[in-house]
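A.B. asks: Supplied structure: run_28.txt, compact mmCIF, C-alpha atoms.
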```txt
# COMPACT_ATOMS: atom_id res chain seq x y z
CA MET T 1 -0.59 -25.22 1.81
CA THR T 2 0.36 -21.58 1.46
CA LYS T 3 3.29 -20.81 -0.76
CA SER T 4 6.49 -19.56 0.73
CA LEU T 5 7.22 -15.89 0.34
CA LYS T 6 9.99 -16.67 -2.07
CA GLU T 7 7.67 -18.76 -4.27
CA LEU T 8 5.05 -16.06 -4.09
CA MET T 9 7.49 -13.39 -5.18
CA GLU T 10 8.89 -15.57 -7.95
CA SER T 11 5.48 -16.60 -9.23
CA ALA T 12 4.08 -13.08 -9.22
CA GLU T 13 3.51 -11.92 -12.74
CA LEU T 14 4.64 -8.47 -11.65
CA PRO T 15 8.01 -7.42 -10.31
CA PRO T 16 7.62 -8.01 -6.58
CA GLY T 17 6.37 -5.01 -4.77
CA GLU T 18 7.29 -2.44 -7.36
CA VAL T 19 3.83 -2.06 -8.85
CA THR T 20 1.25 -0.26 -6.78
CA PHE T 21 -1.82 -1.42 -8.67
CA ALA T 22 -2.02 -4.47 -10.93
CA GLU T 23 -5.04 -3.12 -12.82
CA PRO T 24 -6.60 0.34 -13.14
CA TRP T 25 -9.78 -0.67 -11.29
CA GLU T 26 -7.70 -1.40 -8.20
CA ALA T 27 -6.54 2.20 -8.16
CA ARG T 28 -10.13 3.44 -8.52
CA ALA T 29 -11.29 1.19 -5.66
CA PHE T 30 -8.40 2.35 -3.51
CA GLY T 31 -9.09 5.99 -4.29
CA LEU T 32 -12.80 5.71 -3.63
CA ALA T 33 -12.27 4.30 -0.14
CA VAL T 34 -9.67 6.92 0.78
CA THR T 35 -11.73 9.79 -0.63
CA LEU T 36 -14.90 8.70 1.14
CA ALA T 37 -13.10 8.28 4.46
CA SER T 38 -11.22 11.57 4.07
CA ASN T 39 -14.50 13.34 3.41
CA GLY T 40 -16.05 11.86 6.52
CA ARG T 41 -18.50 9.56 4.73
CA PHE T 42 -17.35 6.70 6.94
CA ALA T 43 -14.69 6.04 9.56
CA TRP T 44 -11.54 4.41 8.23
CA GLU T 45 -11.66 1.91 11.08
CA ASP T 46 -15.16 0.87 10.02
CA PHE T 47 -13.88 0.08 6.54
CA ARG T 48 -10.75 -1.57 7.90
CA GLN T 49 -12.72 -4.00 10.04
CA ARG T 50 -14.68 -5.10 6.95
CA LEU T 51 -11.45 -5.44 4.99
CA ILE T 52 -10.00 -7.63 7.74
CA ALA T 53 -13.12 -9.82 7.58
CA GLU T 54 -12.89 -10.22 3.78
CA ILE T 55 -9.18 -11.04 3.95
CA ALA T 56 -9.92 -13.68 6.58
CA VAL T 57 -12.47 -15.23 4.17
CA ALA T 58 -9.87 -15.21 1.38
CA ASP T 59 -7.24 -16.77 3.65
CA ALA T 60 -9.71 -19.51 4.60
CA ALA T 61 -10.51 -20.15 0.92
CA ALA T 62 -6.81 -20.46 0.14
CA GLY T 63 -6.44 -22.86 3.06
CA ALA T 64 -9.28 -24.98 1.63
CA GLY T 65 -7.58 -25.15 -1.75
CA GLN T 66 -9.93 -22.70 -3.47
CA ARG T 67 -8.91 -19.62 -5.41
CA PRO T 68 -8.79 -16.85 -2.81
CA ALA T 69 -10.08 -13.39 -3.60
CA THR T 70 -7.23 -11.04 -4.40
CA TYR T 71 -6.39 -8.22 -2.04
CA TYR T 72 -8.25 -5.58 -4.03
CA GLU T 73 -11.22 -7.89 -4.60
CA CYS T 74 -11.45 -8.03 -0.79
CA TRP T 75 -11.04 -4.27 -0.71
CA LEU T 76 -13.89 -3.76 -3.15
CA VAL T 77 -16.29 -6.05 -1.26
CA ALA T 78 -15.40 -4.28 2.00
CA LEU T 79 -16.00 -0.93 0.33
CA GLU T 80 -19.39 -1.98 -1.03
CA LYS T 81 -20.43 -3.29 2.37
CA THR T 82 -19.30 -0.10 4.07
CA VAL T 83 -21.17 2.24 1.72
CA SER T 84 -24.24 0.00 1.95
CA ALA T 85 -24.12 0.02 5.76
CA LYS T 86 -23.88 3.80 5.70
CA GLY T 87 -26.83 4.07 3.34
CA ILE T 88 -24.70 5.90 0.76
CA THR T 89 -25.71 3.46 -1.94
CA GLY T 90 -26.61 -0.21 -2.04
CA THR T 91 -26.10 -3.46 -3.88
CA ALA T 92 -29.26 -3.04 -5.95
CA GLU T 93 -28.23 0.40 -7.17
CA ILE T 94 -24.70 -0.75 -8.00
CA ASP T 95 -26.06 -3.87 -9.74
CA SER T 96 -28.39 -1.90 -11.97
CA ARG T 97 -25.72 0.67 -12.80
CA ALA T 98 -23.33 -2.13 -13.71
CA GLU T 99 -25.96 -3.59 -16.04
CA VAL T 100 -26.41 -0.24 -17.74
CA ILE T 101 -22.67 0.21 -18.20
CA ALA T 102 -22.23 -3.37 -19.46
CA ALA T 103 -25.07 -2.89 -21.94
CA ASN T 104 -23.65 0.41 -23.17
CA PRO T 105 -19.97 -0.10 -23.86
CA PRO T 106 -18.09 3.15 -24.34
CA ALA T 107 -18.34 4.70 -27.78
CA ARG T 108 -15.40 4.41 -30.12
CA THR T 109 -13.17 7.15 -28.94
CA LYS T 110 -9.76 7.62 -27.49
CA ALA T 111 -11.24 9.85 -24.82
CA ILE T 112 -12.25 6.91 -22.61
CA SER T 113 -10.43 7.08 -19.31
CA ALA T 114 -10.52 4.94 -16.23
CA GLY T 115 -13.00 7.45 -14.86
CA PRO T 116 -16.75 7.14 -14.68
CA VAL T 117 -18.88 6.61 -17.74
CA LYS T 118 -21.44 9.32 -18.23
CA ILE T 119 -24.89 7.85 -18.59
CA ALA T 120 -26.99 9.73 -21.12
CA MET U 121 -6.97 15.75 -37.97
CA SER U 122 -6.07 12.31 -36.81
CA ASP U 123 -8.61 9.60 -37.27
CA HIS U 124 -9.33 7.52 -34.20
CA ASP U 125 -12.18 5.54 -35.67
CA ASP U 126 -10.18 2.43 -36.23
CA HIS U 127 -9.01 2.22 -32.65
CA ASP U 128 -11.29 0.00 -30.70
CA GLU U 129 -9.03 -1.39 -27.99
CA HIS U 130 -11.22 0.36 -25.41
CA ASN U 131 -14.37 -1.14 -26.77
CA ALA U 132 -14.42 -4.50 -25.02
CA PRO U 133 -17.29 -4.83 -22.56
CA GLU U 134 -16.09 -4.87 -18.99
CA SER U 135 -16.95 -7.43 -16.40
CA GLY U 136 -16.04 -8.52 -12.90
CA PRO U 137 -14.52 -6.11 -10.43
CA ALA U 138 -13.58 -3.54 -13.09
CA LEU U 139 -17.24 -3.16 -14.04
CA ARG U 140 -18.28 -3.20 -10.40
CA VAL U 141 -15.92 -0.36 -9.45
CA LYS U 142 -16.97 1.66 -12.46
CA ALA U 143 -20.62 1.26 -11.47
CA LEU U 144 -19.90 2.23 -7.86
CA GLU U 145 -17.89 5.27 -8.90
CA SER U 146 -20.56 6.29 -11.40
CA VAL U 147 -23.27 6.15 -8.72
CA LEU U 148 -21.16 8.09 -6.21
CA VAL U 149 -20.20 10.77 -8.73
CA GLU U 150 -23.80 11.16 -9.84
CA LYS U 151 -24.89 11.62 -6.23
CA GLY U 152 -22.24 14.30 -5.79
CA ILE U 153 -20.54 12.27 -3.06
CA VAL U 154 -17.31 11.79 -4.98
CA ASP U 155 -15.60 14.31 -7.23
CA ALA U 156 -13.99 12.48 -10.15
CA ALA U 157 -11.20 15.05 -10.52
CA GLU U 158 -10.38 14.84 -6.82
CA LEU U 159 -10.28 11.06 -7.16
CA ASP U 160 -7.92 11.27 -10.15
CA GLU U 161 -5.58 13.53 -8.22
CA LEU U 162 -5.56 11.31 -5.14
CA ILE U 163 -4.74 8.23 -7.21
CA ASP U 164 -2.00 10.08 -9.07
CA THR U 165 -0.51 11.13 -5.75
CA TYR U 166 -0.32 7.58 -4.45
CA GLU U 167 0.84 6.11 -7.76
CA HIS U 168 3.52 8.64 -8.52
CA LYS U 169 4.28 11.06 -5.70
CA VAL U 170 4.13 9.34 -2.33
CA GLY U 171 6.67 6.62 -1.87
CA PRO U 172 9.62 5.32 0.11
CA ARG U 173 11.93 8.15 -1.02
CA ILE U 174 10.09 10.27 1.55
CA GLY U 175 10.91 7.83 4.35
CA ALA U 176 14.50 7.66 3.10
CA ARG U 177 14.83 11.42 3.64
CA VAL U 178 13.64 10.97 7.22
CA VAL U 179 16.15 8.18 7.83
CA ALA U 180 19.06 10.17 6.38
CA ARG U 181 18.21 13.18 8.53
CA ALA U 182 18.07 10.99 11.64
CA TRP U 183 21.50 9.56 10.78
CA VAL U 184 23.18 12.94 10.46
CA ASP U 185 21.35 14.78 13.23
CA PRO U 186 21.20 13.00 16.62
CA ALA U 187 18.83 15.60 18.07
CA TYR U 188 16.47 15.02 15.15
CA LYS U 189 16.69 11.28 15.71
CA ARG U 190 15.66 11.71 19.33
CA ARG U 191 12.68 13.83 18.29
CA LEU U 192 11.77 11.29 15.60
CA ILE U 193 11.70 8.41 18.03
CA ALA U 194 9.88 10.41 20.69
CA ASN U 195 7.25 11.85 18.35
CA ALA U 196 7.40 10.72 14.74
CA PRO U 197 4.38 12.69 13.44
CA ALA U 198 5.88 15.96 14.73
CA ALA U 199 9.37 15.12 13.50
CA THR U 200 8.21 14.16 10.00
CA ALA U 201 6.11 17.32 9.87
CA GLU U 202 9.35 19.26 10.47
CA LEU U 203 10.50 17.98 7.07
CA GLY U 204 7.29 19.12 5.47
CA ILE U 205 5.73 15.65 5.33
CA ALA U 206 1.98 15.82 5.74
CA ALA U 207 0.45 13.24 8.08
CA GLY U 208 -2.29 12.29 5.62
CA PRO U 209 -4.34 9.13 5.83
CA GLN U 210 -2.60 6.27 7.64
CA GLY U 211 0.06 8.59 9.01
CA GLU U 212 -1.61 9.91 12.11
CA ASN U 213 -0.04 7.51 14.56
CA LEU U 214 3.36 6.89 13.10
CA MET U 215 6.01 5.38 15.35
CA VAL U 216 9.65 4.97 14.36
CA ILE U 217 11.56 2.05 15.85
CA GLU U 218 15.32 1.97 15.75
CA ASN U 219 17.51 -0.95 14.74
CA THR U 220 20.64 -1.42 16.82
CA PRO U 221 23.47 -3.96 16.78
CA ARG U 222 21.44 -5.98 19.28
CA VAL U 223 17.87 -5.54 17.99
CA HIS U 224 16.46 -5.94 14.48
CA ASN U 225 12.89 -4.73 14.00
CA MET U 226 10.45 -5.78 11.32
CA VAL U 227 6.91 -4.63 10.61
CA VAL U 228 3.83 -6.56 9.53
CA CYS U 229 0.09 -6.08 9.56
CA THR U 230 -1.21 -9.50 10.48
CA LEU U 231 -4.88 -8.82 9.73
CA CYS U 232 -4.85 -6.59 6.67
CA SER U 233 -2.35 -4.11 5.30
CA CYS U 234 -1.87 -1.16 7.66
CA TYR U 235 1.22 0.69 6.53
CA PRO U 236 2.63 4.21 7.00
CA TRP U 237 1.53 5.67 3.65
CA PRO U 238 2.90 9.21 4.10
CA VAL U 239 6.49 7.99 4.50
CA LEU U 240 6.53 4.74 2.51
CA GLY U 241 3.70 5.06 -0.01
CA LEU U 242 1.48 2.03 -0.55
CA PRO U 243 2.64 -1.39 0.59
CA PRO U 244 4.31 -3.86 -1.78
CA VAL U 245 2.41 -6.92 -2.96
CA TRP U 246 4.19 -9.30 -0.62
CA TYR U 247 3.38 -7.17 2.44
CA LYS U 248 -0.31 -7.85 1.84
CA SER U 249 0.16 -11.56 1.14
CA ALA U 250 -1.03 -14.32 3.48
CA PRO U 251 2.42 -15.95 3.75
CA TYR U 252 4.04 -12.73 4.94
CA ARG U 253 1.21 -11.82 7.29
CA SER U 254 1.33 -15.19 9.01
CA ARG U 255 4.98 -16.13 8.78
CA ALA U 256 6.36 -12.77 9.89
CA VAL U 257 5.08 -13.69 13.33
CA SER U 258 5.49 -17.48 13.35
CA ASP U 259 8.92 -17.58 11.73
CA PRO U 260 10.48 -14.13 11.40
CA ARG U 261 14.02 -15.42 10.92
CA GLY U 262 12.81 -17.70 8.13
CA VAL U 263 11.04 -14.79 6.42
CA LEU U 264 14.17 -12.67 6.67
CA ARG U 265 16.16 -15.52 5.10
CA ASP U 266 13.65 -15.46 2.21
CA PHE U 267 14.64 -11.82 1.81
CA GLY U 268 18.29 -12.78 1.82
CA LEU U 269 18.93 -11.57 5.36
CA GLU U 270 20.67 -13.80 7.85
CA ILE U 271 20.32 -12.14 11.25
CA PRO U 272 22.85 -13.48 13.76
CA ALA U 273 21.31 -15.54 16.55
CA GLU U 274 22.52 -13.10 19.19
CA VAL U 275 20.53 -10.26 17.60
CA GLU U 276 17.00 -10.11 18.94
CA ILE U 277 14.24 -9.82 16.33
CA ARG U 278 11.20 -7.79 17.26
CA VAL U 279 8.10 -8.02 15.08
CA TRP U 280 5.67 -5.11 15.24
CA ASP U 281 2.02 -5.54 14.20
CA SER U 282 0.63 -2.39 12.58
CA SER U 283 -2.93 -1.34 13.20
CA SER U 284 -5.01 1.72 12.63
CA GLU U 285 -3.92 2.89 16.09
CA MET U 286 -0.20 2.58 15.39
CA ARG U 287 1.84 2.37 12.20
CA PHE U 288 5.50 1.54 12.37
CA MET U 289 8.52 2.48 10.31
CA VAL U 290 11.95 1.01 11.00
CA LEU U 291 14.96 3.28 11.34
CA PRO U 292 17.67 1.07 9.85
CA MET U 293 21.28 1.15 10.98
CA ARG U 294 23.63 3.45 9.13
CA PRO U 295 26.13 1.29 7.26
CA ALA U 296 29.82 1.51 8.04
CA GLY U 297 32.00 3.53 5.71
CA THR U 298 29.43 6.24 5.05
CA GLU U 299 30.94 8.90 7.32
CA ASN U 300 31.80 11.19 4.42
CA LEU U 301 28.53 10.92 2.52
CA SER U 302 26.14 13.83 2.32
CA GLU U 303 22.61 13.58 3.67
CA GLU U 304 21.34 13.29 0.12
CA GLU U 305 23.78 10.52 -0.71
CA LEU U 306 22.77 8.70 2.44
CA ALA U 307 19.08 8.96 1.54
CA ALA U 308 19.83 7.34 -1.81
CA LEU U 309 21.14 4.25 0.00
CA VAL U 310 17.98 3.69 2.02
CA THR U 311 15.70 1.04 0.55
CA ARG U 312 12.01 0.57 1.18
CA ASP U 313 12.58 -2.90 2.61
CA SER U 314 15.07 -1.54 5.13
CA MET U 315 12.30 0.68 6.51
CA ILE U 316 9.92 -2.30 6.77
CA GLY U 317 12.68 -4.34 8.38
CA THR U 318 12.93 -6.99 5.67
CA GLY U 319 16.16 -5.46 4.47
CA ILE U 320 19.16 -3.58 5.77
CA VAL U 321 20.97 -0.63 4.28
CA LYS U 322 24.14 -1.58 2.46
CA TYR U 323 27.11 0.40 1.33
CA PRO U 324 27.96 0.44 -1.49
CA ALA U 325 24.25 0.54 -2.30
CA GLY U 326 22.58 -2.58 -3.60
CA ALA U 327 25.33 -4.95 -2.52
CA ALA U 328 23.21 -8.12 -2.71
CA ALA U 329 20.04 -6.32 -1.63
CA PRO U 330 17.32 -8.76 -2.74
CA SER U 331 14.40 -6.51 -3.49
CA GLY U 332 15.20 -2.96 -2.50
CA GLU U 333 15.17 -0.38 -5.18
```
For this file, write the structure as structure tokens.
C.D. replies:
Amino acid sequence: MTKSLKELMESAELPPGEVTFAEPWEARAFGLAVTLASNGRFAWEDFRQRLIAEIAVADAAAGAGQRPATYYECWLVALEKTVSAKGITGTAEIDSRAEVIAANPPARTKAISAGPVKIA
Amino acid sequence: MSDHDDHDEHNAPESGPALRVKALESVLVEKGIVDAAELDELIDTYEHKVGPRIGARVVARAWVDPAYKRRLIANAPAATAELGIAAGPQGENLMVIENTPRVHNMVVCTLCSCYPWPVLGLPPVWYKSAPYRSRAVSDPRGVLRDFGLEIPAEVEIRVWDSSSEMRFMVLPMRPAGTENLSEEELAALVTRDSMIGTGIVKYPAGAAAPSGE
């Protein structure tokens, strides 16, 4: 069933616990949730309850032998659901923006950061 | 002038969650709801500035100053503020629990990943993992053995479940033989895991500590 902690720590591709974010997008997703909550766009508890629900889904998937969503994948889904519930933005708007970004890969430049892509 | 034209490592189209987050951020920035510079600064803070060295300072102060320790245990937010530590998100309801020769405390968040960010930074990968979240409660002694800690049977283990209402930090025991160390030297001994309760503080530092830094 679930791996032991020791196995988990040994199998992790990263040194256990010493890396805050495995990929840059995780940091952006983290920062977005904290910024929005700090600025009063939603209550942290509201987001946290959705995060708990997504983690429960991932735990169930792992228990059923499927690939569970990673922690920050759960985080991102919870964040999307929270901003949608608050009417800040919605799935359709995020979908169409994602299509635009995917269809317009960043120009050849070293100036690309992990930040937002400006849409001309 | 350097020529960047032949660098295209950033050119690959993105997909999956990376694309999704970029789209979400782009929409929120365009709406004026999120300031990209503010976001950059917040991420930098959590990646590089906030971390367990802050908690270690708190522990060292409590070890050398019994009156401070009493204040810390009675009212951790006020006592950490004395050291100039801002409460910040996930620090509002901090509670410090003290290890003694008879009681060893360890902290978990069984449902998600609540953690005292202002004193410990962001949680390690294993803290968020399903095995830790479930086994910390069902088999705490087994989990501690995974961390290389054998807690004697006569020592009671107390497991504390963090929530948004209450976030816990463990005050580990001061190791023997450290009477002549300065507060700063003491702080250097304190590991992150010892403040979660999955480690203890050792002297000399690092003596067989499994995953402390």
A.B. asks: Env of Val223 (chain U): 9 Å cut, atoms = only C-alpha atoms, seq-sep filter 3 positions within chain, self excluded. Answer as a PyMOL selection string.
C.D. replies: chain U and resi 218-220+274-278
A.B. asks: Could you tell me which of T:Ala98, T:Ala61, T:Ala92, T:Leu79 comes closest to Phe42 (chain T) if we count only C-alpha atoms?
C.D. replies: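 Smallest separation from Phe42 (chain T) among the options: T:Leu79.
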A.B. asks: Hey, which of U:Pro251, U:Pro292, U:Pro197, U:Pro186 ends up closest to chain T? Count all atoms listed in the file.
C.D. replies: U:Pro251
A.B. asks: Excluding same-chain residues fewer than 3 positions from region 239-241 of chain U, what lies within 8 Å of it counting all atoms listed in the file, as a list of chain:residue names?
C.D. replies: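 In the requested format, the answer is U:Tyr166, U:Val170, U:Gly171, U:Pro172, U:Arg173, U:Ile174, U:Gly175, U:Ile205, U:Gly211, U:Tyr235, U:Pro236, U:Arg312.
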A.B. asks: In Å, rounded to a single decimal, give me how far CA of Ser146 (chain U) is from CA of Leu32 (chain T).
C.D. replies: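 CA of Ser146 (chain U) lies at a distance of 11.0 Å from CA of Leu32 (chain T).
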A.B. asks: Using all atoms listed in the file, which of the listed residues (T:Ala102, T:Tyr72, T:Leu51, T:Lys86) sits closest to Pro24 (chain T)?
C.D. replies: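 Ranked by minimum distance to Pro24 (chain T), first place goes to T:Tyr72.
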A.B. asks: Would you kindly identify which residues have an atom no farther than 8 Å from (21.7, 9.4, 3.0), using only C-alpha atoms and the file's own coordinates, and write them out as a PyMOL selection string?
C.D. replies: chain U and resi 176-177+179-181+183+301-310
A.B. asks: Quick one: which residues from chain U are at most 7 Å off chain T, using only C-alpha atoms, as a VMD selection string?
C.D. replies: chain U and resid 124 to 125 128 131 133 to 134 137 to 146 156 159 162 to 163 167 231 to 232 242 244 to 246 250 to 252 266 284
A.B. asks: Could you write out the selected residues, including C-alpha atoms, as a PDB file, keeping the file's coordinate frame?
C.D. replies:
```pdb
ATOM      1  CA  HIS U 124      -9.330   7.520 -34.200  1.00  0.00           C
ATOM      2  CA  ASP U 125     -12.180   5.540 -35.670  1.00  0.00           C
ATOM      3  CA  ASP U 128     -11.290   0.000 -30.700  1.00  0.00           C
ATOM      4  CA  ASN U 131     -14.370  -1.140 -26.770  1.00  0.00           C
ATOM      5  CA  PRO U 133     -17.290  -4.830 -22.560  1.00  0.00           C
ATOM      6  CA  GLU U 134     -16.090  -4.870 -18.990  1.00  0.00           C
ATOM      7  CA  PRO U 137     -14.520  -6.110 -10.430  1.00  0.00           C
ATOM      8  CA  ALA U 138     -13.580  -3.540 -13.090  1.00  0.00           C
ATOM      9  CA  LEU U 139     -17.240  -3.160 -14.040  1.00  0.00           C
ATOM     10  CA  ARG U 140     -18.280  -3.200 -10.400  1.00  0.00           C
ATOM     11  CA  VAL U 141     -15.920  -0.360  -9.450  1.00  0.00           C
ATOM     12  CA  LYS U 142     -16.970   1.660 -12.460  1.00  0.00           C
ATOM     13  CA  ALA U 143     -20.620   1.260 -11.470  1.00  0.00           C
ATOM     14  CA  LEU U 144     -19.900   2.230  -7.860  1.00  0.00           C
ATOM     15  CA  GLU U 145     -17.890   5.270  -8.900  1.00  0.00           C
ATOM     16  CA  SER U 146     -20.560   6.290 -11.400  1.00  0.00           C
ATOM     17  CA  ALA U 156     -13.990  12.480 -10.150  1.00  0.00           C
ATOM     18  CA  LEU U 159     -10.280  11.060  -7.160  1.00  0.00           C
ATOM     19  CA  LEU U 162      -5.560  11.310  -5.140  1.00  0.00           C
ATOM     20  CA  ILE U 163      -4.740   8.230  -7.210  1.00  0.00           C
ATOM     21  CA  GLU U 167       0.840   6.110  -7.760  1.00  0.00           C
ATOM     22  CA  LEU U 231      -4.880  -8.820   9.730  1.00  0.00           C
ATOM     23  CA  CYS U 232      -4.850  -6.590   6.670  1.00  0.00           C
ATOM     24  CA  LEU U 242       1.480   2.030  -0.550  1.00  0.00           C
ATOM     25  CA  PRO U 244       4.310  -3.860  -1.780  1.00  0.00           C
ATOM     26  CA  VAL U 245       2.410  -6.920  -2.960  1.00  0.00           C
ATOM     27  CA  TRP U 246       4.190  -9.300  -0.620  1.00  0.00           C
ATOM     28  CA  ALA U 250      -1.030 -14.320   3.480  1.00  0.00           C
ATOM     29  CA  PRO U 251       2.420 -15.950   3.750  1.00  0.00           C
ATOM     30  CA  TYR U 252       4.040 -12.730   4.940  1.00  0.00           C
ATOM     31  CA  ASP U 266      13.650 -15.460   2.210  1.00  0.00           C
ATOM     32  CA  SER U 284      -5.010   1.720  12.630  1.00  0.00           C
TER      33      SER U 284
END
```
A.B. asks: Just to confirm, what's the straight-line distance from CA of Ala78 (chain T) to CA of Val227 (chain U) in Å (one decimal)?
C.D. replies: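 Computed distance, CA of Ala78 (chain T) to CA of Val227 (chain U), equals 23.9 Å.
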A.B. asks: When you look at Ala206 (chain U) with a cut-off of 8 Å (counting all atoms listed in the file), what residues show up, excluding the ones that are within fewer than 5 positions of it in the same chain? I need them as a count of residues only.
C.D. replies: 3
A.B. asks: In Å, how far is it from CA of Arg265 (chain U) to CA of Met293 (chain U)?
C.D. replies: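 Taking CA of Arg265 (chain U) and CA of Met293 (chain U), their separation equals 18.4 Å.
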A.B. asks: So that all listed atoms of region 159-167 of chain U fit with 6 Å spare on each side, what axis-aligned box centre and edge lengths in Å, to one decimal, would you give as lines of an AutoDock Vina configuration file?
C.D. replies:
```
center_x = -4.7
center_y = 9.8
center_z = -7.3
size_x = 23.1
size_y = 19.4
size_z = 17.7
```
